[in-house]
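run-v8.cif (mmCIF, C-alpha atoms)
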```cif
data_structure
loop_
_atom_site.label_atom_id
_atom_site.label_comp_id
_atom_site.auth_asym_id
_atom_site.auth_seq_id
_atom_site.Cartn_x
_atom_site.Cartn_y
_atom_site.Cartn_z
CA MET A 1 0.38 24.65 -69.45
CA LYS A 2 2.74 22.22 -71.12
CA ARG A 3 2.56 18.58 -70.09
CA ARG A 4 6.08 18.70 -68.63
CA ASP A 5 5.27 21.79 -66.57
CA LEU A 6 2.00 20.23 -65.36
CA THR A 7 3.80 17.07 -64.28
CA LYS A 8 6.40 19.16 -62.47
CA ALA A 9 3.72 21.17 -60.71
CA LEU A 10 1.87 18.05 -59.59
CA ALA A 11 5.09 16.51 -58.33
CA LEU A 12 5.94 19.64 -56.39
CA GLY A 13 2.44 19.73 -55.00
CA GLY A 14 2.69 16.10 -53.97
CA LEU A 15 6.00 16.70 -52.23
CA THR A 16 4.54 19.69 -50.43
CA ALA A 17 1.49 17.70 -49.30
CA THR A 18 3.72 14.84 -48.16
CA ALA A 19 5.93 17.23 -46.22
CA MET A 20 2.89 18.85 -44.61
CA ALA A 21 1.47 15.46 -43.64
CA ALA A 22 4.82 14.36 -42.22
CA GLY A 23 5.07 17.60 -40.29
CA SER A 24 1.57 17.08 -38.95
CA ARG A 25 2.40 13.54 -37.86
CA GLN A 26 5.59 14.75 -36.23
CA SER A 27 3.66 17.51 -34.46
CA ASN A 28 1.07 15.00 -33.23
CA ALA A 29 3.79 12.62 -32.09
CA GLN A 30 5.42 15.40 -30.10
CA THR A 31 2.16 16.41 -28.42
CA PRO A 32 2.32 14.94 -24.94
CA ALA A 33 -0.51 12.72 -23.81
CA LYS A 34 -2.71 14.07 -21.05
CA SER A 35 -1.55 13.13 -17.60
CA ARG A 36 -3.77 10.91 -15.48
CA LEU A 37 -4.38 13.93 -13.29
CA ALA A 38 -5.93 15.80 -16.23
CA GLN A 39 -7.87 12.71 -17.30
CA ILE A 40 -9.25 12.20 -13.79
CA LEU A 41 -10.34 15.83 -13.47
CA GLU A 42 -12.01 15.74 -16.90
CA ARG A 43 -13.68 12.40 -16.20
CA GLY A 44 -14.81 13.48 -12.76
CA SER A 45 -13.75 10.22 -11.13
CA VAL A 46 -10.60 8.46 -9.96
CA ARG A 47 -10.22 4.70 -10.44
CA ILE A 48 -8.79 3.13 -7.30
CA GLY A 49 -7.61 -0.47 -7.21
CA THR A 50 -8.01 -2.30 -3.91
CA THR A 51 -8.23 -5.89 -2.68
CA GLY A 52 -10.68 -5.57 0.20
CA ASP A 53 -8.96 -8.43 2.04
CA PHE A 54 -6.42 -6.57 4.20
CA ASN A 55 -8.04 -5.68 7.53
CA PRO A 56 -7.70 -2.96 8.85
CA MET A 57 -6.30 -1.31 5.70
CA SER A 58 -8.90 -2.33 3.10
CA PHE A 59 -11.81 -4.65 3.84
CA ARG A 60 -15.50 -5.08 3.15
CA ASP A 61 -17.83 -4.36 6.04
CA PRO A 62 -20.06 -7.46 6.38
CA GLY A 63 -23.06 -5.36 7.33
CA SER A 64 -23.00 -2.75 4.55
CA ASN A 65 -20.76 -4.62 2.07
CA GLU A 66 -18.89 -1.34 1.64
CA TYR A 67 -15.13 -0.85 1.70
CA LYS A 68 -13.65 0.39 4.97
CA GLY A 69 -10.25 0.78 6.57
CA PHE A 70 -7.19 3.00 6.80
CA ASP A 71 -6.45 3.05 3.06
CA ILE A 72 -10.12 3.40 2.13
CA ALA A 73 -10.46 6.46 4.36
CA ALA A 74 -7.30 7.95 2.84
CA MET A 75 -8.47 7.38 -0.74
CA THR A 76 -11.87 8.84 0.11
CA GLU A 77 -10.11 11.97 1.36
CA LEU A 78 -8.00 12.13 -1.80
CA ALA A 79 -11.09 12.02 -4.01
CA LYS A 80 -12.77 14.66 -1.83
CA ASP A 81 -9.77 16.99 -2.11
CA MET A 82 -9.71 16.49 -5.88
CA GLY A 83 -13.44 17.11 -6.18
CA VAL A 84 -14.08 13.81 -7.97
CA LYS A 85 -15.96 10.57 -7.35
CA ILE A 86 -14.41 7.16 -6.70
CA GLU A 87 -14.60 4.13 -8.96
CA TRP A 88 -13.43 1.16 -6.87
CA VAL A 89 -11.71 -1.49 -8.98
CA VAL A 90 -11.50 -4.88 -7.28
CA THR A 91 -8.15 -6.58 -7.83
CA GLU A 92 -5.83 -9.15 -6.28
CA TRP A 93 -2.36 -8.71 -4.83
CA ALA A 94 -0.88 -10.84 -7.60
CA GLN A 95 -2.47 -8.53 -10.20
CA LEU A 96 -1.49 -5.24 -8.57
CA VAL A 97 1.34 -4.30 -10.93
CA ALA A 98 -0.39 -5.79 -13.98
CA GLY A 99 -3.48 -3.71 -13.25
CA ILE A 100 -1.42 -0.53 -13.07
CA SER A 101 0.46 -1.38 -16.27
CA ALA A 102 -2.78 -2.17 -18.12
CA ASN A 103 -4.33 1.14 -16.96
CA ARG A 104 -7.18 -0.66 -15.19
CA PHE A 105 -6.94 1.85 -12.35
CA ASP A 106 -5.19 5.17 -11.70
CA ILE A 107 -3.80 4.30 -8.29
CA PHE A 108 -3.61 1.29 -5.99
CA SER A 109 -4.89 1.97 -2.49
CA GLY A 110 -1.64 1.15 -0.69
CA ALA A 111 1.05 -1.53 -0.45
CA SER A 112 4.40 -2.18 1.18
CA VAL A 113 7.32 -0.92 -0.87
CA ASN A 114 9.56 -3.55 -2.42
CA MET A 115 12.04 -3.66 -5.27
CA ALA A 116 10.19 -6.36 -7.24
CA ARG A 117 7.17 -4.06 -7.64
CA ALA A 118 9.38 -1.03 -8.25
CA ARG A 119 10.77 -2.61 -11.42
CA THR A 120 7.52 -2.03 -13.30
CA ALA A 121 5.49 0.40 -11.16
CA ALA A 122 6.15 3.62 -9.27
CA PHE A 123 5.68 4.29 -5.57
CA THR A 124 4.63 7.58 -4.03
CA LEU A 125 6.26 8.98 -0.93
CA PRO A 126 5.51 6.70 2.05
CA TYR A 127 2.43 7.57 4.08
CA LEU A 128 2.87 4.93 6.78
CA GLU A 129 5.59 2.79 8.27
CA ALA A 130 4.72 -0.74 9.30
CA GLY A 131 6.86 -3.12 11.30
CA THR A 132 7.05 -6.11 13.61
CA VAL A 133 5.77 -5.95 17.20
CA PRO A 134 5.51 -8.52 20.02
CA LEU A 135 2.18 -9.59 21.50
CA SER A 136 1.51 -11.18 24.87
CA LEU A 137 -1.36 -11.57 27.31
CA LYS A 138 -2.25 -8.31 29.03
CA ALA A 139 -1.49 -10.03 32.32
CA ASN A 140 2.14 -10.44 31.19
CA ALA A 141 2.51 -7.12 29.43
CA GLN A 142 4.67 -5.53 32.11
CA LYS A 143 6.91 -8.59 32.22
CA PHE A 144 7.61 -8.39 28.46
CA LYS A 145 7.45 -4.66 27.79
CA THR A 146 10.77 -4.48 25.90
CA TRP A 147 12.47 -6.55 23.19
CA ASP A 148 15.34 -7.34 25.55
CA SER A 149 13.01 -8.69 28.23
CA ILE A 150 11.70 -11.25 25.71
CA ASN A 151 15.19 -12.35 24.73
CA ALA A 152 15.76 -14.40 27.87
CA ALA A 153 16.12 -18.04 28.81
CA GLY A 154 12.80 -19.69 29.65
CA VAL A 155 10.68 -17.32 27.54
CA LYS A 156 8.63 -19.13 24.89
CA VAL A 157 8.06 -17.28 21.63
CA SER A 158 5.54 -18.86 19.24
CA VAL A 159 5.52 -18.14 15.51
CA SER A 160 3.99 -19.78 12.46
CA MET A 161 6.50 -22.03 10.72
CA GLY A 162 7.84 -20.91 7.37
CA THR A 163 6.92 -17.25 7.83
CA VAL A 164 9.19 -14.21 7.95
CA PHE A 165 8.29 -13.94 11.63
CA GLU A 166 9.93 -17.29 12.36
CA GLU A 167 13.15 -15.98 10.84
CA GLN A 168 12.84 -12.69 12.73
CA ALA A 169 12.18 -14.45 16.05
CA LYS A 170 15.35 -16.52 15.71
CA ARG A 171 17.32 -13.37 14.95
CA HIS A 172 15.82 -11.16 17.67
CA PHE A 173 15.53 -13.74 20.48
CA PRO A 174 18.57 -16.07 20.36
CA ASN A 175 18.30 -16.71 24.12
CA ALA A 176 14.58 -17.51 24.14
CA GLU A 177 12.85 -20.74 23.14
CA ILE A 178 11.40 -20.35 19.64
CA LYS A 179 8.32 -22.48 19.18
CA GLY A 180 7.30 -22.96 15.55
CA VAL A 181 3.66 -23.92 15.05
CA GLN A 182 2.26 -25.60 11.96
CA ALA A 183 -0.63 -23.99 10.08
CA PRO A 184 -3.54 -23.68 10.62
CA ALA A 185 -2.30 -23.00 14.17
CA THR A 186 -0.97 -19.49 14.75
CA GLY A 187 1.43 -17.86 17.15
CA PHE A 188 -1.19 -15.71 18.85
CA GLN A 189 -3.40 -18.76 19.49
CA GLU A 190 -0.53 -20.37 21.39
CA VAL A 191 -0.28 -17.25 23.54
CA LEU A 192 -4.03 -17.22 24.20
CA ALA A 193 -3.87 -20.90 25.18
CA GLY A 194 -1.00 -20.27 27.60
CA ARG A 195 1.43 -22.49 25.67
CA ALA A 196 3.66 -19.54 24.79
CA ASP A 197 4.56 -16.23 26.40
CA VAL A 198 4.93 -14.04 23.33
CA THR A 199 4.34 -14.02 19.58
CA ILE A 200 5.45 -11.51 16.96
CA THR A 201 3.55 -10.18 13.96
CA SER A 202 3.08 -6.98 11.95
CA ASN A 203 1.67 -3.99 13.76
CA VAL A 204 -1.12 -4.01 11.16
CA GLU A 205 -2.30 -7.50 12.12
CA ALA A 206 -1.60 -6.82 15.79
CA SER A 207 -4.00 -3.88 15.76
CA THR A 208 -6.82 -6.16 14.61
CA LEU A 209 -5.93 -8.90 17.07
CA ILE A 210 -6.11 -6.67 20.14
CA LYS A 211 -9.58 -5.58 19.00
CA ARG A 212 -10.74 -9.19 18.55
CA PHE A 213 -9.11 -10.54 21.70
CA ASP A 214 -9.25 -8.29 24.73
CA GLN A 215 -6.73 -10.53 26.51
CA LEU A 216 -3.90 -9.53 24.15
CA ALA A 217 -1.63 -6.48 24.30
CA ILE A 218 1.10 -5.05 22.10
CA ASN A 219 4.25 -4.95 24.16
CA VAL A 220 6.29 -2.11 22.65
CA PRO A 221 5.49 1.42 21.45
CA GLY A 222 5.23 2.02 17.73
CA ALA A 223 8.55 3.84 17.79
CA GLU A 224 10.23 0.58 18.81
CA MET A 225 8.91 -1.55 15.96
CA ARG A 226 11.52 -3.68 14.23
CA ASN A 227 11.87 -4.82 10.60
CA ARG A 228 10.30 -1.58 9.44
CA ARG A 229 8.94 -1.22 5.93
CA PRO A 230 7.19 1.75 4.33
CA PHE A 231 3.72 1.72 2.80
CA ALA A 232 3.03 3.85 -0.28
CA TYR A 233 0.54 4.21 -3.11
CA VAL A 234 1.29 2.50 -6.42
CA VAL A 235 0.97 4.25 -9.79
CA ALA A 236 2.31 3.91 -13.32
CA GLN A 237 5.93 4.82 -14.01
CA ASP A 238 5.19 6.93 -17.09
CA ASP A 239 3.32 9.84 -15.47
CA PRO A 240 5.47 12.20 -13.34
CA THR A 241 2.68 14.79 -13.21
CA TRP A 242 0.29 12.40 -11.44
CA LEU A 243 3.05 11.11 -9.17
CA ASN A 244 4.11 14.64 -8.23
CA PHE A 245 0.51 15.60 -7.45
CA LEU A 246 0.11 12.61 -5.13
CA ASN A 247 3.43 13.30 -3.40
CA THR A 248 2.33 16.90 -2.79
CA TRP A 249 -1.00 15.67 -1.37
CA ILE A 250 0.75 13.19 0.95
CA THR A 251 3.16 15.87 2.18
CA LEU A 252 0.33 18.28 2.96
CA LYS A 253 -1.80 15.62 4.67
CA LYS A 254 1.14 14.54 6.81
CA SER A 255 1.77 18.10 7.92
CA GLU A 256 -1.93 18.46 8.82
CA GLY A 257 -1.84 15.32 10.99
CA PHE A 258 -4.31 13.47 8.75
CA PHE A 259 -2.30 10.23 8.59
CA ASP A 260 -1.55 10.35 12.33
CA ALA A 261 -5.29 10.49 12.98
CA LEU A 262 -5.89 7.52 10.68
CA GLU A 263 -3.16 5.55 12.43
CA ALA A 264 -4.69 6.26 15.83
CA GLN A 265 -8.11 5.15 14.55
CA TRP A 266 -7.18 2.03 12.59
CA LEU A 267 -3.85 0.91 14.07
CA PRO A 268 -4.16 1.29 17.84
CA ARG A 269 -1.17 0.10 19.85
CA THR A 270 -2.86 -0.69 23.13
#
```

Re-express the file's structure as structure tokens.
Amino acid sequence: MKRRDLTKALALGGLTATAMAAGSRQSNAQTPAKSRLAQILERGSVRIGTTGDFNPMSFRDPGSNEYKGFDIAAMTELAKDMGVKIEWVVTEWAQLVAGISANRFDIFSGASVNMARARTAAFTLPYLEAGTVPLSLKANAQKFKTWDSINAAGVKVSVSMGTVFEEQAKRHFPNAEIKGVQAPATGFQEVLAGRADVTITSNVEASTLIKRFDQLAINVPGAEMRNRRPFAYVVAQDDPTWLNFLNTWITLKKSEGFFDALEAQWLPRT
């Protein structure tokens, strides 16, 4: 073969190899990454972020040092239905979104939906609706069994100063006497001490308070909660397959009454 023909052949071969390599890179680039659902099933475990400081949703049992609560029971059921084990990943509320973005865990065990978090993370369909409820002594429960009955002259409503509940109390009870208490004092302590008639808090905290203090009662049914906000699971924004799977699971579990049973167990209203 002449030198010129050899050079031409090598050049053509080089171009062909380059084109094949480029095509391979393009093919690899177009190959979608495995969804977290596929990764979880292959790994045999799901990584669940949780704080363990939100009684009765997620907390450590002092006796066993194990996680317990509404969200823990739900995540345990999710893992069971998927046929995988759980890897609990301890995190903090301030690191919730960062942990999702950094792929430290596949799902966060549950949080209230807000737009700040939604900028960088995705929420599933809601599985629970939380809200504000009034608390009083059981002895006064019939006297203050509606929101309107609390909004009356002479009724003392105690709330911790600087909290959202102080703002809500002023809005909901313009005719009552709003008594702001400075931390570490709390609204419910004022009610227990007889210095206030009513306090307001989230139904989540209220459910723990009526377990701790038999004297307290929640004054309104869950259907009459105010300042409602949904709770949902938090996942990464870049994985619609995983999000769709979780939304399907939530829908099925709701229809089966699973979340209603958890609410009755962990968030009693009386």

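Distance annotation: of A:Ile107, A:Val157, A:Val113, A:Ala193, the residue with the minimal separation from Ile40 of chain A is A:Ile107; atom set is all atoms listed in the file.
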
Counting only C-alpha atoms, which of A:Lys145, A:Arg47, A:Arg212, A:His172 gets nearest to Gly99 of chain A?
A:Arg47

Could you list the residues chosen by the PyMOL selection byres ((chain A and resi 127) around 12) in this structure as a PyMOL selection string?
chain A and resi 70-71+74-75+109-113+123-126+128-130+229-234+246-255+257-260+262-263

Store the residues of this selection in a file with C-alpha atoms, as a short mmCIF file (atom, residue, chain, number, x, y, z; two decimals), in the frame of the given file.
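Full text of again_5.cif as output:
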```cif
data_model
loop_
_atom_site.label_atom_id
_atom_site.label_comp_id
_atom_site.auth_asym_id
_atom_site.auth_seq_id
_atom_site.Cartn_x
_atom_site.Cartn_y
_atom_site.Cartn_z
CA PHE A 70 -7.19 3.00 6.80
CA ASP A 71 -6.45 3.05 3.06
CA ALA A 74 -7.30 7.95 2.84
CA MET A 75 -8.47 7.38 -0.74
CA SER A 109 -4.89 1.97 -2.49
CA GLY A 110 -1.64 1.15 -0.69
CA ALA A 111 1.05 -1.53 -0.45
CA SER A 112 4.40 -2.18 1.18
CA VAL A 113 7.32 -0.92 -0.87
CA PHE A 123 5.68 4.29 -5.57
CA THR A 124 4.63 7.58 -4.03
CA LEU A 125 6.26 8.98 -0.93
CA PRO A 126 5.51 6.70 2.05
CA LEU A 128 2.87 4.93 6.78
CA GLU A 129 5.59 2.79 8.27
CA ALA A 130 4.72 -0.74 9.30
CA ARG A 229 8.94 -1.22 5.93
CA PRO A 230 7.19 1.75 4.33
CA PHE A 231 3.72 1.72 2.80
CA ALA A 232 3.03 3.85 -0.28
CA TYR A 233 0.54 4.21 -3.11
CA VAL A 234 1.29 2.50 -6.42
CA LEU A 246 0.11 12.61 -5.13
CA ASN A 247 3.43 13.30 -3.40
CA THR A 248 2.33 16.90 -2.79
CA TRP A 249 -1.00 15.67 -1.37
CA ILE A 250 0.75 13.19 0.95
CA THR A 251 3.16 15.87 2.18
CA LEU A 252 0.33 18.28 2.96
CA LYS A 253 -1.80 15.62 4.67
CA LYS A 254 1.14 14.54 6.81
CA SER A 255 1.77 18.10 7.92
CA GLY A 257 -1.84 15.32 10.99
CA PHE A 258 -4.31 13.47 8.75
CA PHE A 259 -2.30 10.23 8.59
CA ASP A 260 -1.55 10.35 12.33
CA LEU A 262 -5.89 7.52 10.68
CA GLU A 263 -3.16 5.55 12.43
#
```

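Using the PyMOL selection byres ((chain A and resi 57) around 10) on this structure selects Thr50, Thr51, Gly52, Asp53, Phe54, Asn55, Pro56, Ser58, Phe59, Tyr67, Lys68, Gly69, Phe70, Asp71, Ile72, Ala73, Ala74, Ser109, Gly110, Ala111, Val204, Glu205, Trp266 and Leu267 of chain A.
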
At a cut-off of 9 Å, can you tabulate as a tab-separated table every residue of segment 190-234 of chain A near segment 132-137 of chain A together with its closest atom pair and the distance in Å to one decimal, using only C-alpha atoms and ordering rows by chain then number?
```
residue	atom	partner	partner_atom	distance
A:Val191	CA	A:Ser136	CA	6.5
A:Leu192	CA	A:Leu137	CA	7.0
A:Gly194	CA	A:Leu137	CA	8.7
A:Ala196	CA	A:Ser136	CA	8.6
A:Asp197	CA	A:Ser136	CA	6.1
A:Val198	CA	A:Ser136	CA	4.7
A:Thr199	CA	A:Leu135	CA	5.3
A:Ile200	CA	A:Pro134	CA	4.3
A:Thr201	CA	A:Thr132	CA	5.4
A:Ser202	CA	A:Thr132	CA	4.4
A:Asn203	CA	A:Val133	CA	5.7
A:Val204	CA	A:Thr132	CA	8.8
A:Ala206	CA	A:Leu135	CA	7.4
A:Ile210	CA	A:Leu135	CA	8.9
A:Asp214	CA	A:Leu137	CA	8.9
A:Gln215	CA	A:Leu137	CA	5.5
A:Leu216	CA	A:Leu137	CA	4.5
A:Ala217	CA	A:Leu135	CA	5.7
A:Ile218	CA	A:Leu135	CA	4.7
A:Asn219	CA	A:Pro134	CA	5.6
A:Val220	CA	A:Val133	CA	6.7
A:Pro221	CA	A:Val133	CA	8.5
A:Gly222	CA	A:Val133	CA	8.0
A:Glu224	CA	A:Val133	CA	8.1
A:Met225	CA	A:Thr132	CA	5.5
A:Arg226	CA	A:Thr132	CA	5.1
A:Asn227	CA	A:Thr132	CA	5.8
A:Arg228	CA	A:Thr132	CA	7.0
```

For the file shown, report as JSON, numbers by chain the outcome of the PyMOL selection byres ((chain A and resi 94) around 12) at residue level.
{"A": [50, 51, 91, 92, 93, 95, 96, 97, 98, 99, 100, 111, 116, 117]}

Calculated over only C-alpha atoms, which of the candidates A:Phe144, A:Asp106, A:Met82, A:Pro62 has the smallest distance to Trp242 of chain A?
A:Asp106

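Separating atom CA of Glu190 of chain A from atom CA of Ser158 of chain A is a distance of 6.6 Å.
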
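Of the residues listed (A:Ala153, A:Leu37, A:Val164, A:Ala183), A:Leu37 shows the shortest atom-to-atom separation from Gly83 of chain A; distances use only C-alpha atoms.
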
Computed gap from atom CA of Glu42 of chain A to atom CA of Lys85 of chain A is 11.6 Å

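With atom CA of Ala236 of chain A on one side and atom CA of Gly131 of chain A on the other, the separation reads 26.0 Å.
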
Axis-aligned box for all listed atoms of segment 99-110 of chain A, 3 Å per side, centre and edges in Å to one decimal, as AutoDock Vina command-line options:
```
--center_x -3.4 --center_y 0.7 --center_z -9.4 --size_x 13.6 --size_y 14.9 --size_z 23.4
```
